[in-house]
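Below: the structure, in structure tokens.
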Number of protein chains: 4
Amino acid sequence: MKHKTSAPEAAPRTGVWLVGARGAISTCVVYGVHGLREGLLEPTGIVTETAPFQGLALAPLDGLVFGGHDVCQRELSRGALELVRQHILDPDLVASGAAYAHAYEARLRPGLLDQCDTGFADLDPRTVALSSQTPREQIAAVVADLEAFRRDNQLSSVVVVHLASAEAAREPRPEWNDLAAFERSLDAQVSHPASVLYAYAAFRARCSYVNFTPNLGSSIPALREYARQQGCAHCGNDGKTGETLVKTVLAPMFRQRALRVLSWQGYNMLGNRDGAVLADPAHKELKIRHKSDLLKELLDDQRVHGHVAIDYVPSLDDWKTAFDYIHFEGFLGAKMSLQFTWQGSDSALAAPLVLDLVRLVECAQRHGEAGELAATAPFFKAPIAGGSHDFAAQFAQLLDWAARLRSN
Amino acid sequence: MKHKTSAPEAAPRTGVWLVGARGAISTCVVYGVHGLREGLLEPTGIVTETAPFQGLALAPLDGLVFGGHDVCQRELSRGALELVRQHILDPDLVASGAAYAHAYEARLRPGLLDQCDTGFADLDPRTVALSSQTPREQIAAVVADLEAFRRDNQLSSVVVVHLASAEAAREPRPEWNDLAAFERSLDAQVSHPASVLYAYAAFRARCSYVNFTPNLGSSIPALREYARQQGCAHCGNDGKTGETLVKTVLAPMFRQRALRVLSWQGYNMLGNRDGAVLADPAHKELKIRHKSDLLKELLDDQRVHGHVAIDYVPSLDDWKTAFDYIHFEGFLGAKMSLQFTWQGSDSALAAPLVLDLVRLVECAQRHGEAGELAATAPFFKAPIAGGSHDFAAQFAQLLDWAARLRSN
Amino acid sequence: MKHKTSAPEAAPRTGVWLVGARGAISTCVVYGVHGLREGLLEPTGIVTETAPFQGLALAPLDGLVFGGHDVCQRELSRGALELVRQHILDPDLVASGAAYAHAYEARLRPGLLDQCDTGFADLDPRTVALSSQTPREQIAAVVADLEAFRRDNQLSSVVVVHLASAEAAREPRPEWNDLAAFERSLDAQVSHPASVLYAYAAFRARCSYVNFTPNLGSSIPALREYARQQGCAHCGNDGKTGETLVKTVLAPMFRQRALRVLSWQGYNMLGNRDGAVLADPAHKELKIRHKSDLLKELLDDQRVHGHVAIDYVPSLDDWKTAFDYIHFEGFLGAKMSLQFTWQGSDSALAAPLVLDLVRLVECAQRHGEAGELAATAPFFKAPIAGGSHDFAAQFAQLLDWAARLRSN
Amino acid sequence: MKHKTSAPEAAPRTGVWLVGARGAISTCVVYGVHGLREGLLEPTGIVTETAPFQGLALAPLDGLVFGGHDVCQRELSRGALELVRQHILDPDLVASGAAYAHAYEARLRPGLLDQCDTGFADLDPRTVALSSQTPREQIAAVVADLEAFRRDNQLSSVVVVHLASAEAAREPRPEWNDLAAFERSLDAQVSHPASVLYAYAAFRARCSYVNFTPNLGSSIPALREYARQQGCAHCGNDGKTGETLVKTVLAPMFRQRALRVLSWQGYNMLGNRDGAVLADPAHKELKIRHKSDLLKELLDDQRVHGHVAIDYVPSLDDWKTAFDYIHFEGFLGAKMSLQFTWQGSDSALAAPLVLDLVRLVECAQRHGEAGELAATAPFFKAPIAGGSHDFAAQFAQLLDWAARLRSN
């Protein structure tokens with residue numbers, strides 16, 4: 001029943017530059033696209049392969065060329081075998097994709113280290129060397145990598161996807177609000193989160209940009225200004241893969257039915273590297289903020305008692321397990337409840353969305369849209385362009401955008 | 001924080017005729033409206049009291065006058081105390097509503113017995129007498145009751161709401177498809193489900209009509225034709241109060257995210273009279289069919305394995321508890337799951353929706369809409385007018401209808 | 001089906017002195033015993049009323065006389081109505097118990113304030129006055145209250161039950177380890193937790209003593225020594241009412257089946273006064289320690305990853321809701337899971353156990369047993385006398401004790 | 001961390017004859033023992049490898065020799081790869097065990113077809129030929145297979161383990177109650193369930209016998225008499241692997257705490273061959289009876305409302321998922337609930353218990369115990385020797401037996 005995805009003859013080649021190129025999501029993306037190219041996999045989970053997106057001039061999946069940055073040196077095949085052990089990747093798929101993965105690894109470059117990153121066992125020494133350079137020098141290195149990637153692979157466009165670990169929350173800096181001030185701060189060698197430097201470099205190299213993490217990335221006003229100036233389409237933050245996705249379809253139901261949510265407790269357990277990083281409260285902060293904020297907007301009720309916990313449970317590996325307990329009141333003051341348990345592989349959920357987002361921002365930029373791509377809101381916990389968190393409303397908006405684009 | 005709902009001075013009075021007038025839902029409706037009139041309750045769960053419905057010329061809740069049919073004689077206060085014991089009605093509300101409930105009971109009339117109904121301990125002897133009359137005579141009795149109700153209470157409009165027990169599934173009859181054939185079958189004293197006779201009588205008396213049950217009611221083509229001919233607005237079938245509501249917001253999420261649902265198991269446990277009646281497979285059949293059918297439409301996938309069970313668990317009383325297990329496949333063939341448990345009072349969930357539907361069909365008919373009111377789809381498991389079961393889509397359609405009506 | 005519990009004619013009267021006499025558990029105890037006396041309730045949840053305890057010379061439930069200490073002045077009937085609203089107490093029971101509750105309140109005395117207690121809105125001014133006295137004076141006041149209670153009510157024995165709020169965790173003090181040192185510290189006006197002063201006073205007055213809370217109470221070595229010296233039976237700490245109870249029957253199952261538990265996550269949500277106090281990390285500490293420690297003992301495995309959270313969810317009131325996720329490994333390295341949700345009224349679960357413990361320590365002390373009563377282990381999260389946490393093993397031990405006592 | 005299980009030099013060799021030799025449990029047993037022999041696996045899930053069983057003269061796991069009967073011809077490696085796909089067997093384990101599995105397959109013989117078995121796609125033609133022979137001839141064939149197995153492999157003892165599919169429930173026959181009558185019925189060519197013929201043949205060949213299925217096997221009085229006569233130890237029925245295991249630790253907790261269970265709903269979903277067979281109501285009957293019966297005994301309450309469902313959910317494969325909802329009443333009539341979801345691989349749970357049972361019956365018979373081995377009760381849903389279903393009590397009894405044997 002599997003099918004090869006067909007690529008039109010003269011398709012322009014799109015490059016995908018993964019920041020966090022050796023992580024679990026990237027590994028799933030690379031082996032997954034190999035599987036789709038070879039007809040070993042169905043495109044399950046890829047939204048842009050469903051009916052409503054037929055007829056859009058999206059980059060063909062099998063024409064994508066992957067490269068990226070990472071701060072670690074771990075071989076991709078080692079991570080892949082770990083995902084086999086975790087029952088996420090199929091051993092036969094990994095075996096058949098060895099050459100494809102090898103070619104990908106040849107395109108990888110040393111990444112930028114965030115000041116707050118610690119405890120990486122297998123740091124790339126070139127990354128360590130980069131970390132002692134000035135912000136301007138680091139940006140120049142990233143830009144050079146992106147330009148070489150584009151040139152060497154004859155790519156018509158490049159999309160940078162930020163998939164690195166959650167950065168520690170930091171106090172907002174005034175220079176983030178204004179491009180000129182931000183430029184001056186770079187000159188003054190002020191330190192910024194690595195995700196911000198990456199986003200700046202992406203726009204400098206006129207790449208589209210996707211931030212799938214809770215990190216700041218392109219979301220600060222200075223970079224939103226820069227993206228528009230450079231004609232770059234971008235989107236983020238923080239991929240909406242599991243528990244939050246469910247939350248954003250259930251909460252509107254309560255509101256539309258005039259049922260009053262009293263309390264919404266969300267307990268997230270996960271065990272992968274993401275979980276290990278998030279075990280640190282500083283790194284967890286942004287993620288919890290994204291998960292918490294949307295509830296009051298969705299329910300249009302400030303009284304609701306909400307709580308979100310993220311706990312590191314090593315034995316779960318990549319299998320995120322979330323338990324939500326929703327206590328609500330109906331007519332006559334009757335108290336009722338809904339509880340759910342979500343059990344899903346975070347990486348297998350994220351990977352197809354990464355492919356969707358790459359195709360959407362690339363298509364938008366190609367059609368002349370610059371700045372944050374509001375239509376991608378259903379993919380994110382904290383959409384840069386704001387708007388409602390109601391998934392159905394967000395998805396309707398995405399379909400509208402697709403329809404408009406198709407009719408142009 | 002409670003507030004009295006305000007009634008405009010010269011508001012036309014709307015009558016609500018409850019079929020199953022002594023049942024749990026009707027009891028919640030009557031004491032609930034008393035509580036709203038007296039400012040003892042907030043309008044939690046009443047959709048038409050939320051912001052999007054402001055400005056629609058809906059019948060004011062405190063101008064509603066209630067009457068109805070029942071086949072049993074049980075006093076309303078006995079049922080109310082039972083609901084107090086089940087922690088659904090507040091004892092103070094029941095005490096303060098005694099006079100209001102008494103006045104309501106004075107307006108009740110003996111109902112029609114469905115041929116398949118059995119085992120009612122406290123049958124009204126007048127109902128037994130009615131049951132030996134011809135269909136035409138039974139209809140005439142119902143029409144006379146409705147007209148007396150309208151006249152005696154100076155009502156500008158009357159809405160009949162069907163809330164009686166689930167009828168046994170029957171083989172479809174050819175005369176249901178055509179009004180003329182149906183009329184001939186009445187002359188020929190062919191037996192029809194009581195719900196069908198009620199709906200026919202409602203239209204004859206030019207009442208609006210709501211079928212909150214899985215019974216046939218007004219959904220057969222013959223009566224849909226009759227409703228249009230008489231200028232009556234109507235809607236149904238089978239109120240979407242709990243597990244199915246959740247299903248119709250979750251299933252679209254899976255489809256829109258291109259996640260493939262492999263199996264969806266739904267286990268419903270309930271213990272009220274509805275549960276006792278549904279313990280009989282014949283009576284359960286229609287309900288299960290409504291709960292099952294919508295899955296394949298929602299998921300747009302014929303391969304999905306679905307199963308719905310309804311089990312009688314006496315100790316739960318009115319507290320419907322449903323467990324759903326959803327097994328799905330993501331990218332890379334990874335199998336994941338979502339499970340939820342819903343615990344809600346069926347009657348407290350249904351009562352406010354009854355009030356919403358009364359207001360919506362009354363408003364529609366008053367504005368000249370006849371026939372099935374498609375905009376009420378989000379309230380039903382098996383909307384008469386068909387269409388998608390996607391709750392968000394249905395709700396958007398309802399809002400469109402409201403906006404159109406408001407702008408007229 | 002309800003029955004009056006029969007009291008033998010010449011039964012000696014047992015007094016029960018509740019510390020935290022106006023709290024939810026005490027309220028359930030008092031109205032519950034009234035209900036049992038009047039035949040309005042079945043003895044559901046009372047272990048000592050089940051078959052294995054027949055034939056033990058336990059104090060009859062309807063011969064118990066209640067009094068107690070509290071730091072607040074709130075009327076018992078107000079707390080009772082609150083429990084009616086929460087669907088724990090029946091309104092008719094509360095109405096019929098008014099005189100009984102009134103008589104109980106007449107026996108209440110101002111309690112001791114723990115140094116760390118804060119934020120009580122309705123403090124008894126006599127309690128405030130007491131709090132400025134020396135430890136010795138506070139103890140004397142408590143002893144005087146206990147002796148007056150015994151004398152005024154012609155009681156053959158008095159059991160003090162500690163039901164006050166969770167105290168903040170404190171650093172252990174060296175004088176807790178030795179009675180003589182403890183006595184000297186009292187002379188030196190060293191401050192100790194209120195629960196410790198209460199326990200000391202109870203033993204001084206030769207009362208039996210039950211500590212149902214996580215507070216230190218009688219568990220410090222100094223007081224264990226004192227109890228033996230005074231011939232007092234006592235037990236504690238921290239009633240095992242819900243989630244932990246389930247844990248201590250499930251964990252042995254995994255161990256006995258040689259299934260390796262990898263992770264055990266426990267999430268507790270509650271909304272009563274207990275919950276509000278436990279929202280403060282200092283007050284939560286002891287409780288979480290009790291809940292966490294037992295896992296490694298039960299599983300006999302130091303590798304297991306365990307986590308316990310207690311979260312304040314106001315809307316739940318007294319209805320403790322706990323979600324546990326247990327991740328385990330079976331043969332062939334297959335990872336499996338068990339998850340459970342417990343929904344119970346903490347006070348209704350605790351109250352009958354209080355009655356059981358009163359009867360057991362009273363019976364033990366009457367039969368000459370002094371010191372900690374190891375047989376009560378199945379009732380506690382942190383049994384003073386130590387031993388296994390395996391509920392079935394603990395219960396077998398309790399049955400052995402009962403059999404020995406019966407055969408004496 | 002893995003370790004090789006050590007076999008004493010001169011250990012007598014024990015043979016294990018698996019009926020259902022190509023099924024999922026047998027496959028897990030065979031590859032699992034290979035893994036243990038090679039130090040690739042830890043003995044997780046094997047009860048007889050835990051501390052309390054040290055010092056018992058049990059057959060060493062790596063001295064076991066496997067053979068068996070099956071009615072199908074499917075190659076073991078095909079089944080193994082299926083279990084790899086289901087994430088139960090590790091692909092490396094299967095690869096390394098190829099020779100071991102091959103040797104095992106060379107010892108397999110055609111099995112007996114139960115009259116009610118239908119729909120097997122890959123029947124062994126020799127099985128079909130056997131099925132037209134008389135019961136006496138079929139028994140003789142099985143006995144000959146067992147004796148050849150013992151002789152060819154120089155086995156000191158042989159244990160027959162029944163692991164075949166669930167047979168259809170049949171009306172009890174009078175000749176099952178008496179050995180002489182049963183013998184006469186064999187002469188008269190009366191048809192009996194295949195499981196009964198196997199058990200008879202096992203005893204005739206003086207083998208020990210374990211019935212892990214709900215089938216009748218050795219549990220009829222006639223065969224229990226025969227076992228004693230032949231000096232054979234045996235046990236059954238119906239391995240207690242998952243949901244029922246949990247039930248038999250939770251139910252005693254409710255009884256011991258005097259909490260009244262009102263309703264216990266059990267929903268079992270499974271998708272393996274067992275599930276497919278159990279989708280047929282006749283085949284499901286015995287299993288549901290075993291699962292239901294124990295509740296009333298465990299709770300010592302005839303009023304409890306219990307319901308057990310077993311549903312076939314193909315996508316779950318071997319991963320049995322069970323949801324239980326327990327509704328109970330505490331003090332003051334407060335209604336509470338406990339719900340749990342169990343997710344486990346049925347075969348990985350069963351396989352180690354099979355190894356335990358083999359060792360226990362072999363040891364018992366070697367020590368001169370004949371007849372049903374009551375000490376094995378904790379392993380079964382319907383222990384032949386009866387007794388309580390309370391898992392903790394059963395396990396204590398097993399430990400007593402082990403201690404007695406050790407001290408002999």
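Chain labels A, B, ... are given in the sequence in which chains occur in the structure tokens; within each chain residues are numbered consecutively from 1, and ligands are likewise numbered from 1 in the order shown.
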Each residue of chain C lying at most 6 Å from chain D should get a row with its shortest atom-to-atom pair and the distance in Å to one decimal, counting only C-alpha atoms; could you produce that, ordered by chain and increasing number, as a Markdown table?
| residue | atom | partner | partner_atom | distance |
| --- | --- | --- | --- | --- |
| C:Thr44 | CA | D:Phe331 | CA | 5.0 |
| C:Gly45 | CA | D:Ala258 | CA | 4.4 |
| C:Ile46 | CA | D:Ala258 | CA | 5.9 |
| C:Val47 | CA | D:Ala258 | CA | 5.3 |
| C:Ile88 | CA | D:Ala334 | CA | 5.7 |
| C:Arg257 | CA | D:Val47 | CA | 5.5 |
| C:Ala258 | CA | D:Gly45 | CA | 4.4 |
| C:Leu259 | CA | D:Gly45 | CA | 4.8 |
| C:Gly330 | CA | D:Gly45 | CA | 5.3 |
| C:Phe331 | CA | D:Thr44 | CA | 5.0 |
| C:Ala334 | CA | D:Ile88 | CA | 5.8 |
| C:Met336 | CA | D:Gly344 | CA | 4.9 |
| C:Ser337 | CA | D:Gln343 | CA | 5.3 |
| C:Leu338 | CA | D:Trp342 | CA | 4.6 |
| C:Gln339 | CA | D:Thr341 | CA | 5.3 |
| C:Phe340 | CA | D:Phe340 | CA | 4.0 |
| C:Thr341 | CA | D:Gln339 | CA | 5.3 |
| C:Trp342 | CA | D:Leu338 | CA | 4.6 |
| C:Gln343 | CA | D:Ser337 | CA | 5.3 |
| C:Gly344 | CA | D:Met336 | CA | 4.8 |
| C:Ala348 | CA | D:Phe331 | CA | 5.5 |
All alpha helix (DSSP H) residues (DSSP, backbone) inside stretch 222-278 of chain C, as a ChimeraX atom specification: /C:222-230,243-256,273-278
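For the choices A:Leu130, A:Leu360, A:Val65, A:Ile288, the atom-to-atom distance to A:Tyr267 is smallest for A:Ile288 when using only C-alpha atoms.
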Distance in Å - atom CA of A:His162 versus atom CA of A:Thr27: 13.8 Å
Using only C-alpha atoms: which of D:Lys240, D:His234, D:Arg22, D:His305 has the shortest distance to D:Cys72: D:Arg22
All strand (DSSP E or B) residues (DSSP, backbone) inside stretch 116-232 of chain A, as an NGL selection string: :A and (123 or 157-162 or 208-211)
